[in-house]
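Some notes on the structure that comes next.
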Amino acid sequence: MTDMHMMPMAVGTRRLQIWRGDLTGGGLEDFDLETEPGMVVLDAVLEIQRSQAPDLAVRWNCKAAKCGSCSAEINGKPRLMCKTRLDHLPPFEPITVEPMKAFPVIRDLVTDVSWNYRVNEQITPFTPRDDLKEGVDVRDGDFLIDQADTDRMSEFRKCIECFMCQDVCHILRDQRMHNRYYGPRFMVRMASLDMHPLDGVDRLDQIADEGGIGLCNITKCCTEVCPEGIHITDNAIIPMKERVVDTHDPLLKVLGRKPNKGRKKPPPRTSDPEL
Amino acid sequence: MAIEHHDYDVLVLGSGGSGLRAAIAAAEAGAKTGLVCKSLLGKAHTVMAEGGLAAALGNVAPEDSWSTHFQDTMFGGKYLNNWRMAELHAKEAPDRARELEQWGAVFDRTPERLMSQRAFGGHTYKRLVHIGDRTGLELIRTMQDRTVHSNVEVFMETTITRLIKDSGRVVGCFGYRRQTGEQISFSAKALVIATGGSGRIYKITSNSQDCTGDGYALGYEAGAELVDMEFIQFHPTGMVFPPGVAGLLVTEAVRGEGGILRNNLGERFMERYDPKRMELSTRDVVARSIYTEVQEGRGSPHGGVFLDVSHLDSDYVKKKLPSMYDQFLELAGVDITKEPMQVGPTCHYFMGGVKVDSDNGQSRVPGLFATGEASGGMNGANRLGGNSLGDLLVFGRRSGEGAAAVANAAGSVSLPAEEIAAAKAEIDGYLNGSGTENPFQMHKELQTIMGDGVGIFRSKEDLETAISKLEGLEARVGNLKAPSNRLDYNPGWQLCREVKNMLTVSQMIARGALMREESRGAHSRLDHTGYSDYWGEHNIVVGREGDEMKHTPTPVAKRDELEELVEARKEAEKAS
């Protein structure tokens, strides 16, 4: 047991520049602290909260990269604070920590991400098809599903809803088109539902219309920041764009297209979620 | 300032697996249902559950049955379980698993395209329905989506600081919205506590920030009894390095998939502690074994032992344990397909909780229900891996239906003004009172007391010291004050009530641990190392008499028709 490789673990004083403020404005504030080996940014922020700035607002929960609460922009890039080690950041520069920019700030590092929940309410959850066949789709009430289908859906279902893909999406972040595009997170969700072999709802019109998938011009910024490594653009958005093109061919619209794989239309949506 | 108010038939506190399942059940039973959670929806501690959901479906092992699952659960719990709860759980978990799949959950498959099942400590057969190593997240996301389409109204980032009673009955609760500090009250004909455990009383824990025992303390203050609080599960494998992540869970699935434990001599030490089950012995045994190896000088450089999967195919490891692979690579710089992990015990789960009716989840206080980790009884002295996800589904549903039935039969309720005034005065006091105690500091002190005196191995002397120190904190807890008095997103304010809750919980644990003069399951006394016949027949029930906390030995809730199964298992254990 002598082959344990020890990472070099820098310790010493580091400076963090943390954005403090609210909707009316704010700016970076400097904090210096003694670091410990293996410290992550969230450790540093919580230590500053405990010892220097007790009203510093930060949202966190699991501290294990599983709940997706502590998303922030670290040195300008969206990252989970709990998964970002200080000694993996450039050593002789201050570390900046700012709130996500695609959502309204509440205070300091906490943003109002409730828009995402309003979007999700517009998406009809999984609903089994009416025509499930015994021996093919079900057996004595148990679903029959291939592992290959499971693997395909599972990639999307790894999503921890950190909303960093939404944060970095320029349709939302720069163009603020929250009422016209659901964003990468919900393209992933729609893809996982569309790829479920036993689902009976046709969401393609929704993906194309209210969902606004056409607005995505596949810059892959979302894929780059996903902490779960979901291939958002290649495996969710591009296949869904192709499916939409297949069913939204103007000629097919005139001739009347068949519903997607015999699926039913979802109930009408209640609203276009506003930011 | 006017207090925001809402009326519900059923109000559920907590949005982990049990809370979501209870809310769905209550809403489906026709009750107007609200759900209150301290964090954002979908962030609850259930997302950390990795290994799977134990249900005797028999997809992989056709010989499995509810009765074997029941026996395994009873054996794991060292026969202190509430027999009826263990029975209901074993019988109903398969249907709850199927139901989740029908709600859109996606699980790994067998070659026959059915839900696959994996081996886990203490389970006779391959029994855990799973998806990779993120089964809890799958449950949460599935039920979260079901909930928001079930007419359940959700109050996110809302903290409840007190239950409100009227004429001996729970009729609602009071708290505040974390984002703004605005106060809020709810009336409810039935209220379900689904607030999970209290791992944050220890420094080394796998638990989320939210796990501060709120439901245990609020239920206790409202007059409910709690049971088995001395039994705390230390998960055998948490990360031990780097310090910032110490305690972070390393799923039992690592061992389920073939991971091997070794000490610094390279010995597969489980041969000495449980040669039959080895790495897949029950969690209490593995945790004590690791602790003992470290104490006796055979630990790893960072104070744990080695857990190795490098002999397994590297692609298989990445596919079956993807989040473990990422976690060690990112946080510790260790590639688990090439080198061993270092692991040690971490506070993981509370077997104890609010004592409830096994069938409908109601506590002894009318209108007050509890479920999931917040309730006690199902798991006895030690929980088997995989039984928490089954527990929260089976009893989440039962408590939601139970609460709806009570609510549908109840007349309207209202909140007595003086109760609201008292609740308001408490949280105003944390913000603007004359207190001088810093909640961050007191939390640290509490964690030190519990880690030093009420850990894996316990003794009369250490427990008495801990209790006396806890009494010292008790004398100061009324003097807590947030370091800042701002209303919006104030972490110190939040922590004041949480520290009070955790202190109440810690006292329940320490006093129960002192009373139980034996070693059983997750409770190990250095001064009473064997089983006691008396304690093998008794649970410790905690209740409030006046202002005093009282611990009372109470006979185990048995059931005649299950006697044969239990005796058969005891005989089989003796024979082996």
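As shown in the structure tokens, the chain order sets the letters A, B, ...; within each chain, residues go from 1, and ligands are also counted from 1 in the order they appear.
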Output as a Markdown table one row per residue of chain B within 6 Å of chain A: the closest atom pair and its distance in Å to one decimal place, counting only C-alpha atoms, sorted by chain and residue number ascending.
| residue | atom | partner | partner_atom | distance |
| --- | --- | --- | --- | --- |
| B:Lys43 | CA | A:Cys67 | CA | 4.8 |
| B:Gly104 | CA | A:Phe126 | CA | 5.1 |
| B:Arg109 | CA | A:Gln147 | CA | 5.4 |
| B:Arg113 | CA | A:Leu144 | CA | 4.9 |
| B:Leu114 | CA | A:Leu144 | CA | 5.5 |
| B:Ser208 | CA | A:Cys62 | CA | 4.2 |
| B:Gln209 | CA | A:Asn61 | CA | 4.9 |
| B:Pro242 | CA | A:Gly38 | CA | 4.9 |
| B:Gly244 | CA | A:Met39 | CA | 5.3 |
| B:Ser484 | CA | A:Asp55 | CA | 5.8 |
| B:Tyr489 | CA | A:Ala57 | CA | 5.7 |
| B:Asn490 | CA | A:Asp55 | CA | 5.5 |
Could you dump the residues just selected with N, CA and C atoms as a compact mmCIF listing (two decimals), in the first residue's frame?
# COMPACT_ATOMS: atom_id res chain seq x y z
N LYS B 43 -33.62 19.49 -3.66
CA LYS B 43 -32.26 19.55 -3.11
C LYS B 43 -32.13 18.76 -1.81
N GLY B 104 -42.30 7.32 -14.07
CA GLY B 104 -41.23 7.79 -14.95
C GLY B 104 -39.81 7.58 -14.43
N ARG B 109 -31.52 -2.30 -15.73
CA ARG B 109 -32.34 -3.45 -16.14
C ARG B 109 -31.60 -4.78 -16.02
N ARG B 113 -35.01 -7.40 -19.19
CA ARG B 113 -35.55 -6.04 -19.33
C ARG B 113 -36.38 -5.60 -18.12
N LEU B 114 -36.25 -6.30 -17.01
CA LEU B 114 -36.93 -5.90 -15.78
C LEU B 114 -35.98 -5.02 -14.95
N SER B 208 -26.52 16.47 4.81
CA SER B 208 -26.63 17.82 4.28
C SER B 208 -26.75 18.85 5.40
N GLN B 209 -26.54 20.08 5.02
CA GLN B 209 -26.67 21.20 5.96
C GLN B 209 -28.04 21.22 6.63
N PRO B 242 -9.42 14.99 1.46
CA PRO B 242 -8.88 16.06 2.30
C PRO B 242 -9.85 16.48 3.40
N GLY B 244 -11.55 19.05 4.19
CA GLY B 244 -12.79 19.75 3.83
C GLY B 244 -13.91 18.80 3.45
N SER B 484 -25.82 38.95 12.91
CA SER B 484 -26.35 40.05 12.11
C SER B 484 -27.86 40.08 12.30
N TYR B 489 -32.07 36.25 4.02
CA TYR B 489 -31.06 35.21 3.85
C TYR B 489 -29.96 35.31 4.90
N ASN B 490 -30.37 35.27 6.14
CA ASN B 490 -29.44 35.46 7.26
C ASN B 490 -29.08 34.10 7.87
Enumerate the residues of segment 36-273 of chain A with a DSSP assignment of strand (DSSP E or B), computed from the backbone, and present them as a PDB file with N, CA and C atoms, in the first residue's frame.
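Listing of part.pdb after writing:
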ATOM      1  N   VAL A  40     -12.192  23.454  -0.589  1.00  0.00           N
ATOM      2  CA  VAL A  40     -12.947  23.874  -1.768  1.00  0.00           C
ATOM      3  C   VAL A  40     -13.475  25.290  -1.540  1.00  0.00           C
ATOM      4  N   SER A  71     -24.226  26.734  -6.916  1.00  0.00           N
ATOM      5  CA  SER A  71     -23.704  27.233  -8.179  1.00  0.00           C
ATOM      6  C   SER A  71     -23.302  28.697  -8.054  1.00  0.00           C
ATOM      7  N   ALA A  72     -22.151  29.048  -8.603  1.00  0.00           N
ATOM      8  CA  ALA A  72     -21.691  30.436  -8.608  1.00  0.00           C
ATOM      9  C   ALA A  72     -20.707  30.601  -9.747  1.00  0.00           C
ATOM     10  N   GLU A  73     -20.288  31.839  -9.983  1.00  0.00           N
ATOM     11  CA  GLU A  73     -19.294  32.068 -11.029  1.00  0.00           C
ATOM     12  C   GLU A  73     -17.946  32.300 -10.364  1.00  0.00           C
ATOM     13  N   ILE A  74     -17.064  31.337 -10.521  1.00  0.00           N
ATOM     14  CA  ILE A  74     -15.761  31.368  -9.872  1.00  0.00           C
ATOM     15  C   ILE A  74     -14.725  31.738 -10.924  1.00  0.00           C
ATOM     16  N   LYS A  77     -16.298  31.804 -14.241  1.00  0.00           N
ATOM     17  CA  LYS A  77     -16.855  30.608 -14.883  1.00  0.00           C
ATOM     18  C   LYS A  77     -17.844  29.910 -13.945  1.00  0.00           C
ATOM     19  N   PRO A  78     -19.028  29.529 -14.438  1.00  0.00           N
ATOM     20  CA  PRO A  78     -19.985  28.846 -13.557  1.00  0.00           C
ATOM     21  C   PRO A  78     -19.432  27.511 -13.051  1.00  0.00           C
ATOM     22  N   ARG A  79     -19.458  27.340 -11.745  1.00  0.00           N
ATOM     23  CA  ARG A  79     -18.963  26.094 -11.142  1.00  0.00           C
ATOM     24  C   ARG A  79     -19.704  25.855  -9.837  1.00  0.00           C
ATOM     25  N   LEU A  80     -19.700  24.613  -9.394  1.00  0.00           N
ATOM     26  CA  LEU A  80     -20.211  24.309  -8.058  1.00  0.00           C
ATOM     27  C   LEU A  80     -19.124  24.685  -7.052  1.00  0.00           C
ATOM     28  N   ARG A  85     -11.733  23.035  -6.016  1.00  0.00           N
ATOM     29  CA  ARG A  85     -10.672  23.167  -5.029  1.00  0.00           C
ATOM     30  C   ARG A  85      -9.866  24.434  -5.245  1.00  0.00           C
ATOM     31  N   ILE A  95      -9.214  34.950  -5.920  1.00  0.00           N
ATOM     32  CA  ILE A  95     -10.279  34.121  -6.490  1.00  0.00           C
ATOM     33  C   ILE A  95     -11.569  34.938  -6.436  1.00  0.00           C
ATOM     34  N   THR A  96     -12.186  35.149  -7.583  1.00  0.00           N
ATOM     35  CA  THR A  96     -13.449  35.883  -7.551  1.00  0.00           C
ATOM     36  C   THR A  96     -14.618  34.902  -7.472  1.00  0.00           C
ATOM     37  N   VAL A  97     -15.605  35.258  -6.660  1.00  0.00           N
ATOM     38  CA  VAL A  97     -16.813  34.442  -6.522  1.00  0.00           C
ATOM     39  C   VAL A  97     -18.013  35.366  -6.695  1.00  0.00           C
ATOM     40  N   GLU A  98     -18.798  35.102  -7.733  1.00  0.00           N
ATOM     41  CA  GLU A  98     -19.945  35.966  -8.040  1.00  0.00           C
ATOM     42  C   GLU A  98     -21.199  35.116  -8.241  1.00  0.00           C
ATOM     43  N   VAL A 105     -30.516  38.533  -8.866  1.00  0.00           N
ATOM     44  CA  VAL A 105     -29.833  38.270  -7.608  1.00  0.00           C
ATOM     45  C   VAL A 105     -30.812  38.531  -6.462  1.00  0.00           C
ATOM     46  N   ILE A 106     -30.735  37.721  -5.422  1.00  0.00           N
ATOM     47  CA  ILE A 106     -31.493  38.010  -4.192  1.00  0.00           C
ATOM     48  C   ILE A 106     -30.566  38.797  -3.275  1.00  0.00           C
ATOM     49  N   ARG A 107     -29.489  38.177  -2.922  1.00  0.00           N
ATOM     50  CA  ARG A 107     -28.452  38.900  -2.184  1.00  0.00           C
ATOM     51  C   ARG A 107     -27.144  38.115  -2.244  1.00  0.00           C
ATOM     52  N   VAL A 110     -26.614  34.514  -3.674  1.00  0.00           N
ATOM     53  CA  VAL A 110     -27.891  33.814  -3.842  1.00  0.00           C
ATOM     54  C   VAL A 110     -28.720  34.466  -4.945  1.00  0.00           C
ATOM     55  N   THR A 111     -29.158  33.646  -5.902  1.00  0.00           N
ATOM     56  CA  THR A 111     -30.000  34.170  -6.975  1.00  0.00           C
ATOM     57  C   THR A 111     -31.397  33.556  -6.913  1.00  0.00           C
ATOM     58  N   PRO A 128     -47.570   6.933 -19.115  1.00  0.00           N
ATOM     59  CA  PRO A 128     -47.446   5.723 -19.937  1.00  0.00           C
ATOM     60  C   PRO A 128     -48.387   5.750 -21.142  1.00  0.00           C
ATOM     61  N   GLU A 134     -48.703  -6.476 -23.489  1.00  0.00           N
ATOM     62  CA  GLU A 134     -48.217  -7.498 -22.561  1.00  0.00           C
ATOM     63  C   GLU A 134     -47.167  -8.364 -23.257  1.00  0.00           C
ATOM     64  N   VAL A 138     -44.808  -4.557 -21.214  1.00  0.00           N
ATOM     65  CA  VAL A 138     -45.033  -4.846 -19.791  1.00  0.00           C
ATOM     66  C   VAL A 138     -45.147  -6.352 -19.578  1.00  0.00           C
ATOM     67  N   ARG A 139     -44.836  -6.774 -18.365  1.00  0.00           N
ATOM     68  CA  ARG A 139     -45.068  -8.170 -17.987  1.00  0.00           C
ATOM     69  C   ARG A 139     -45.615  -8.175 -16.573  1.00  0.00           C
ATOM     70  N   ASP A 142     -45.051  -5.099 -14.646  1.00  0.00           N
ATOM     71  CA  ASP A 142     -43.691  -4.556 -14.644  1.00  0.00           C
ATOM     72  C   ASP A 142     -43.349  -4.036 -16.042  1.00  0.00           C
ATOM     73  N   PHE A 143     -42.729  -2.859 -16.093  1.00  0.00           N
ATOM     74  CA  PHE A 143     -42.283  -2.333 -17.388  1.00  0.00           C
ATOM     75  C   PHE A 143     -41.139  -3.188 -17.929  1.00  0.00           C
ATOM     76  N   ASP A 199     -43.291   6.195 -22.948  1.00  0.00           N
ATOM     77  CA  ASP A 199     -44.018   7.443 -22.700  1.00  0.00           C
ATOM     78  C   ASP A 199     -45.034   7.692 -23.813  1.00  0.00           C
ATOM     79  N   VAL A 201     -46.732  10.785 -24.445  1.00  0.00           N
ATOM     80  CA  VAL A 201     -47.077  12.192 -24.693  1.00  0.00           C
ATOM     81  C   VAL A 201     -46.183  12.750 -25.803  1.00  0.00           C
ATOM     82  N   LYS A 264     -49.930  10.993 -27.600  1.00  0.00           N
ATOM     83  CA  LYS A 264     -51.015  11.972 -27.489  1.00  0.00           C
ATOM     84  C   LYS A 264     -50.475  13.369 -27.229  1.00  0.00           C
TER      85      LYS A 264
END
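With atom CA of Tyr349 of chain B on one side and atom CA of Lys203 of chain B on the other, the separation reads 14.0 Å.
Residue nearest Glu225 of chain B, chosen from B:Glu545, B:Asp315, B:Asp527, B:Asp533 and counting only C-alpha atoms: B:Glu545.
Neighbours of Asn81 of chain B closer than or equal to 7 Å, with only C-alpha atoms counted and sequence neighbours fewer than 5 positions away skipped, come out as B:Met74, B:Ala86, B:Gly377, B:Met378, B:Asn379, B:Gly380.
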Those same residues, written as a PDB file, in the first residue's frame with C-alpha atoms?
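Output file selection-v1.pdb follows:
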ATOM      1  CA  MET B  74     -35.280  -7.729  11.788  1.00  0.00           C
ATOM      2  CA  ALA B  86     -40.817  -4.124   9.173  1.00  0.00           C
ATOM      3  CA  GLY B 377     -39.405   1.994  14.696  1.00  0.00           C
ATOM      4  CA  MET B 378     -38.922   0.474  11.290  1.00  0.00           C
ATOM      5  CA  ASN B 379     -35.154   0.030  11.517  1.00  0.00           C
ATOM      6  CA  GLY B 380     -34.605  -0.951  15.137  1.00  0.00           C
TER       7      GLY B 380
END
task: Just the residues within 7 Å of segment 267-274 of chain A, please, counting only C-alpha atoms, with nothing from its chain fewer than 2 positions along; format it as a ChimeraX atom specification.
output: /A:115,118-119,122,178-179,210,265
Using C-alpha atoms, can you export the residues from the last selection as a PDB file, in the first residue's frame?
ATOM      1  CA  TRP A 115     -38.176  30.752 -13.079  1.00  0.00           C
ATOM      2  CA  ARG A 118     -42.129  27.653 -13.362  1.00  0.00           C
ATOM      3  CA  VAL A 119     -40.771  26.249 -16.620  1.00  0.00           C
ATOM      4  CA  GLN A 122     -45.211  23.554 -17.992  1.00  0.00           C
ATOM      5  CA  HIS A 178     -36.583  33.638 -20.724  1.00  0.00           C
ATOM      6  CA  ASN A 179     -40.130  33.845 -22.061  1.00  0.00           C
ATOM      7  CA  GLU A 210     -42.939  27.543 -26.337  1.00  0.00           C
ATOM      8  CA  LYS A 265     -50.874  15.735 -27.326  1.00  0.00           C
TER       9      LYS A 265
END
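Nearest to Leu392 of chain B of all the residues B:Asp133, B:Asp9, B:Glu293, B:Glu373 is B:Glu373, counting only C-alpha atoms.
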field: alpha helix (DSSP H) per DSSP on the backbone: members of segment 214-430 of chain B, as a count of residues only
entry: 84
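Residues with any atom within 7 Å of Cys173 of chain B, counting only C-alpha atoms and excluding same-chain neighbours fewer than 3 positions away, are Ile160, Arg162, Leu163, Ile164, Ser185, Phe186 and Ser187 of chain B.
Between Met515 of chain B and the candidates B:Pro553, B:Pro491, B:Gly390, B:Gly433, the tightest atom-to-atom separation, counting only C-alpha atoms, involves B:Pro553.
Shortest separation to Arg180 of chain A among A:Asp194, A:Asp30, A:Asp167, A:Asp209 occurs at residue A:Asp209, atoms counted being only C-alpha atoms.
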message: Can you pull out the residues contacting Val47 of chain B? Cut-off 9 Å, using only C-alpha atoms, and skip same-chain residues under 6 positions away; I want them as a VMD selection string.
response: (chain A and resid 62 66 to 67 160) or (chain B and resid 16 to 17 134 to 141)
- prompt: Skipping near chain neighbours, those fewer than 6 positions away, what residues fall within 10 Å of His551 of chain B using only C-alpha atoms, listed as a list in words?
  reply: Glu225, Leu226, Val227, Met508, Arg511, Gly512, Met515, Asn539, Ile540, Val541, Val542, Gly543 and Arg544 of chain B
Deliver the residues from the most recent selection as a file, using C-alpha atoms, as a compact mmCIF listing (two decimals), in the first residue's frame.
# COMPACT_ATOMS: atom_id res chain seq x y z
CA GLU B 225 -42.80 10.62 21.89
CA LEU B 226 -39.61 9.53 20.17
CA VAL B 227 -38.13 6.05 20.08
CA MET B 508 -32.17 12.49 23.68
CA ARG B 511 -29.29 10.03 27.77
CA GLY B 512 -30.67 7.09 25.84
CA MET B 515 -29.53 4.17 29.84
CA ASN B 539 -36.98 0.19 23.16
CA ILE B 540 -36.26 3.47 24.88
CA VAL B 541 -39.05 5.98 24.43
CA VAL B 542 -38.36 9.69 25.00
CA GLY B 543 -41.07 12.11 25.97
CA ARG B 544 -41.57 15.38 27.71
